[in-house]
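Peer 1: Sending over a structure as structure tokens; questions will come in a sec.
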Amino acid sequence: MRYLRWDETLFRNYEVFDEDYLPEEYLHRETQLNRLVSNLKPALRGARPVNCLCLGPPGTGKTTAVKLIFKDLSEFEGVIPVYVNCQIMNSKQQVFAKIFRAVYGYEPPSYGVPFTKLYYSVMKGIGERVLVVALDDLNFLLSEEVANEVLYALLKAHEEVEGVKVGIVGIATDVKLAARLDERVSSVFHPDEIHFPLYGFEEIRDILASRARFGFYPGVLSDEALDKIAELCYEYGDLRFGIYLMKLAGLEAEREASRRIELRHVEAVYEGSRRVFLKKSVQALSDHERVLLGLIYSSDELTTGELYRRFKEMTAVGYTKFYEMLSKLESIRLIDTRFEQRGGRTRAIIKRYEPALVLDALEEF
Ligand SMILES: Nc1ncnc2c1ncn2[C@@H]1O[C@H](COP(=O)(O)OP(=O)(O)O)[C@@H](O)[C@H]1O
Ligand SMILES: [Mg+2]
């Protein structure tokens, strides 16, 4: 072989750094795991679980927690765990087709099945078992009002088909999600809210060190490089960023034929990684949220009031919605806000990135 020398890799397993990799060690989330477990446990005895809602910023381990528990659940005959990614399955039909597959073990007829028919087949197929549905990234459905319909259809299942037992695990970044649901949904949906706060620096360092142990050969990642990655990741707020940085730094070290990942390798890939990540965050926003972000990054420092005035001129969005969008941009750490000295509710909006970087990421849309 002329170009690739497989014997000289630093990676023990590349997959460890993939987005959808389920980690061997899930650290610092005992409280959240225990809450999920106790809520879902009734399903093991054939009873209806307690519905829950996992809430927190991106990269705080929500998806991982639910997937780890669903993996355990799948070992019980009496339970049908179904994980639905609402970013991909974003219609009622698609969500229930996915549930159909889990219930029957084969595909539903793909054409011309009316929703009602699909729905009743699913509910009748459950039988004595307990259906547990995870709806990940629920906010993606919510913007299109589909979430209310999906939740409602699941919540009223036991009224439609006698004895059916369904549990729901919603996952979202929007901590106020429950308050935004339809009246008819919120009057029957009282989920146990489980919060996933941002990790602290030490927690991030621990988690990244654990990843490195499974992903790289022993001694490959230098302490200086790990510290730097943890520091940058902490600043960014999303664990995914740290994992991605670690992988790129590893590839960079390999490219240099270095036996270890050093600080300079992290520094070499940092700018590029940040750009890639920013693009991903921007991609996950709605059109209006992108307009708002663009407005913030193309203006001088603004207060929330001034920002709203300008935003209203560009879109027809009302104040409550505007406020929610602003909180979202803050919770996914694209901006910060700070209360003004003058008092009152007015806040100043602070950019967390160089404007050029964000405007560049927005350009593609
Ligand atoms: N507590 C943890 N221990 C180990 N790995 C974690 C932990 N929390 C998150 N991760 C890893 O960080 C990445 C993002 O986690 P994820 O569950 O997708 O976050 P979220 O769904 O909250 O956006 C994944 O690669 C996941 O394996
Ligand atoms: Mg997730």
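Ligands are numbered from 1 in the order shown, residues from 1 within each chain, and chains are lettered A, B, ... in the order they appear in the structure tokens.
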Neighbouring residues of ligand 2 are defined here as those with any atom at most 12 Å from a ligand atom, counting only C-alpha atoms and all ligand atoms; list them as number ranges by chain.
Peer 2: A: 19-22, 54-67, 83-87, 134-140, 170-173, 196, 238-240, 284
Peer 1: As a ChimeraX atom specification, please: the residues near range 328-341 of chain A (cut-off 10 Å, only C-alpha atoms, same-chain neighbours under 2 positions excluded).
Peer 2: /A:56-59,173-176,198,235-238,278,281-282,285,289-290,292-293,296-297,303-304,322-326,343-353,358
Peer 1: Please produce a file of the residues just selected, as a compact mmCIF listing (two decimals), in the first residue's frame, where the atoms kept are N, CA and C atoms.
Peer 2:
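Result file is result.txt:
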```txt
# COMPACT_ATOMS: atom_id res chain seq x y z
N GLY A 56 -33.55 20.25 27.71
CA GLY A 56 -32.22 20.83 27.93
C GLY A 56 -31.57 21.21 26.61
N PRO A 57 -30.53 22.02 26.67
CA PRO A 57 -29.83 22.46 25.45
C PRO A 57 -29.24 21.28 24.66
N PRO A 58 -28.86 21.51 23.41
CA PRO A 58 -28.26 20.43 22.61
C PRO A 58 -26.97 19.91 23.26
N GLY A 59 -26.71 18.63 23.06
CA GLY A 59 -25.45 18.06 23.54
C GLY A 59 -25.39 17.87 25.03
N THR A 173 -35.42 20.84 23.21
CA THR A 173 -34.47 21.82 23.74
C THR A 173 -35.22 22.96 24.42
N ASP A 174 -36.47 23.12 24.08
CA ASP A 174 -37.26 24.24 24.56
C ASP A 174 -37.84 23.94 25.94
N VAL A 175 -37.32 24.56 26.97
CA VAL A 175 -37.75 24.22 28.33
C VAL A 175 -39.21 24.62 28.61
N LYS A 176 -39.74 25.50 27.78
CA LYS A 176 -41.13 25.92 27.98
C LYS A 176 -42.09 25.12 27.10
N LEU A 198 -26.55 22.14 31.25
CA LEU A 198 -25.23 22.09 30.61
C LEU A 198 -24.24 21.43 31.56
N GLU A 235 -16.66 26.02 26.59
CA GLU A 235 -16.99 27.34 26.09
C GLU A 235 -18.14 27.26 25.08
N TYR A 236 -18.10 26.24 24.26
CA TYR A 236 -19.09 26.07 23.21
C TYR A 236 -20.41 25.57 23.77
N GLY A 237 -20.33 24.72 24.79
CA GLY A 237 -21.53 24.28 25.48
C GLY A 237 -22.15 22.99 24.97
N ASP A 238 -21.68 22.47 23.86
CA ASP A 238 -22.27 21.27 23.28
C ASP A 238 -21.22 20.16 23.24
N LEU A 278 -21.08 25.57 13.68
CA LEU A 278 -21.96 26.72 13.60
C LEU A 278 -22.96 26.50 12.46
N SER A 281 -25.69 24.22 13.66
CA SER A 281 -26.65 24.86 14.55
C SER A 281 -27.61 25.73 13.76
N VAL A 282 -27.06 26.47 12.79
CA VAL A 282 -27.87 27.38 12.00
C VAL A 282 -28.87 26.60 11.13
N LEU A 285 -32.20 25.69 12.70
CA LEU A 285 -33.14 26.75 13.09
C LEU A 285 -34.28 26.88 12.07
N GLU A 289 -36.17 32.18 12.91
CA GLU A 289 -35.05 32.22 13.85
C GLU A 289 -33.76 32.64 13.15
N ARG A 290 -33.63 32.21 11.90
CA ARG A 290 -32.44 32.61 11.15
C ARG A 290 -32.45 34.10 10.84
N LEU A 292 -33.83 36.37 12.67
CA LEU A 292 -33.53 37.03 13.94
C LEU A 292 -32.02 36.98 14.24
N LEU A 293 -31.44 35.82 14.03
CA LEU A 293 -30.00 35.66 14.27
C LEU A 293 -29.20 36.59 13.36
N ILE A 296 -29.38 40.15 14.57
CA ILE A 296 -28.51 40.37 15.74
C ILE A 296 -27.06 40.52 15.32
N TYR A 297 -26.62 39.63 14.44
CA TYR A 297 -25.20 39.63 14.09
C TYR A 297 -24.82 40.69 13.06
N THR A 303 -30.64 46.31 22.52
CA THR A 303 -31.43 45.81 23.65
C THR A 303 -32.56 44.98 23.06
N THR A 304 -33.21 44.20 23.91
CA THR A 304 -34.30 43.34 23.42
C THR A 304 -35.41 44.18 22.78
N PHE A 322 -41.48 36.07 19.56
CA PHE A 322 -40.15 36.68 19.45
C PHE A 322 -39.31 36.34 20.69
N TYR A 323 -39.96 36.47 21.83
CA TYR A 323 -39.29 36.24 23.09
C TYR A 323 -38.84 34.78 23.22
N GLU A 324 -39.71 33.87 22.78
CA GLU A 324 -39.37 32.44 22.80
C GLU A 324 -38.19 32.15 21.88
N MET A 325 -38.21 32.79 20.71
CA MET A 325 -37.12 32.57 19.76
C MET A 325 -35.79 33.06 20.33
N LEU A 326 -35.87 34.19 21.02
CA LEU A 326 -34.67 34.75 21.63
C LEU A 326 -34.12 33.80 22.71
N GLY A 343 -32.12 48.67 35.07
CA GLY A 343 -33.22 47.95 35.71
C GLY A 343 -34.32 47.63 34.72
N GLY A 344 -35.44 47.13 35.22
CA GLY A 344 -36.52 46.73 34.34
C GLY A 344 -36.20 45.42 33.66
N ARG A 345 -37.00 45.07 32.66
CA ARG A 345 -36.81 43.78 32.01
C ARG A 345 -35.93 43.86 30.77
N THR A 346 -35.48 45.07 30.45
CA THR A 346 -34.68 45.23 29.25
C THR A 346 -33.34 44.53 29.39
N ARG A 347 -33.00 43.79 28.34
CA ARG A 347 -31.70 43.13 28.36
C ARG A 347 -30.88 43.51 27.14
N ALA A 348 -29.59 43.45 27.29
CA ALA A 348 -28.72 43.68 26.14
C ALA A 348 -28.42 42.31 25.51
N ILE A 349 -28.32 42.31 24.18
CA ILE A 349 -28.03 41.08 23.47
C ILE A 349 -26.54 41.03 23.18
N ILE A 350 -25.91 39.94 23.52
CA ILE A 350 -24.47 39.84 23.32
C ILE A 350 -24.14 38.73 22.33
N LYS A 351 -23.28 39.05 21.39
CA LYS A 351 -22.88 38.06 20.39
C LYS A 351 -21.82 37.13 21.00
N ARG A 352 -21.94 35.86 20.71
CA ARG A 352 -20.94 34.92 21.24
C ARG A 352 -19.87 34.57 20.21
N TYR A 353 -20.05 35.04 18.97
CA TYR A 353 -19.10 34.71 17.90
C TYR A 353 -18.72 35.97 17.16
N VAL A 358 -20.80 33.93 11.83
CA VAL A 358 -22.23 33.60 11.86
C VAL A 358 -22.91 34.01 10.55
```
Peer 1: Give me, as a list in words, all polymer residues having an atom no more than 9 Å from range 104-111 of chain A, counting only C-alpha atoms and skipping those fewer than 6 positions away in the same chain.
Peer 2: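 Those residues are Ala97, Lys98, Leu118, Val122, Gly125 and Ile126 of chain A.
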Peer 1: Take the selection from the previous step and output its residues with N, CA, C and O atoms, as a tab-separated table (two decimals), in the first residue's frame.
Peer 2:
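Full text of again05.tsv as output:
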```tsv
chain	number	residue	atom	x	y	z
A	97	ALA	N	-46.27	5.26	11.10
A	97	ALA	CA	-45.72	4.18	10.28
A	97	ALA	C	-44.55	3.54	11.01
A	97	ALA	O	-44.36	2.32	11.01
A	98	LYS	N	-43.76	4.39	11.65
A	98	LYS	CA	-42.62	3.89	12.42
A	98	LYS	C	-43.11	3.03	13.59
A	98	LYS	O	-42.54	1.97	13.88
A	118	LEU	N	-54.39	3.33	9.69
A	118	LEU	CA	-53.06	3.05	10.21
A	118	LEU	C	-53.08	3.11	11.74
A	118	LEU	O	-52.56	2.23	12.44
A	122	VAL	N	-52.35	0.04	14.42
A	122	VAL	CA	-51.29	0.13	15.42
A	122	VAL	C	-51.86	-0.19	16.80
A	122	VAL	O	-51.35	-1.06	17.51
A	125	GLY	N	-52.85	-3.75	17.31
A	125	GLY	CA	-51.72	-4.68	17.28
A	125	GLY	C	-50.95	-4.73	18.59
A	125	GLY	O	-50.18	-5.66	18.85
A	126	ILE	N	-51.13	-3.74	19.43
A	126	ILE	CA	-50.37	-3.68	20.68
A	126	ILE	C	-50.78	-4.80	21.64
A	126	ILE	O	-49.94	-5.39	22.31
```
Peer 1: Which of range 9-225 of chain A end up as alpha helix (DSSP H) when DSSP is run on this backbone - answer as an MDAnalysis selection string?
Peer 2: chainID A and resid 30:40 62:73 92:104 115:126 139:142 146:155 157:160 183:186 201:215 223:225
Peer 1: Give the strand (DSSP E or B) residues of range 127-220 of chain A, as assigned by DSSP on the backbone, as a PyMOL selection string.
Peer 2: chain A and resi 130-136+165-172+192-195+216
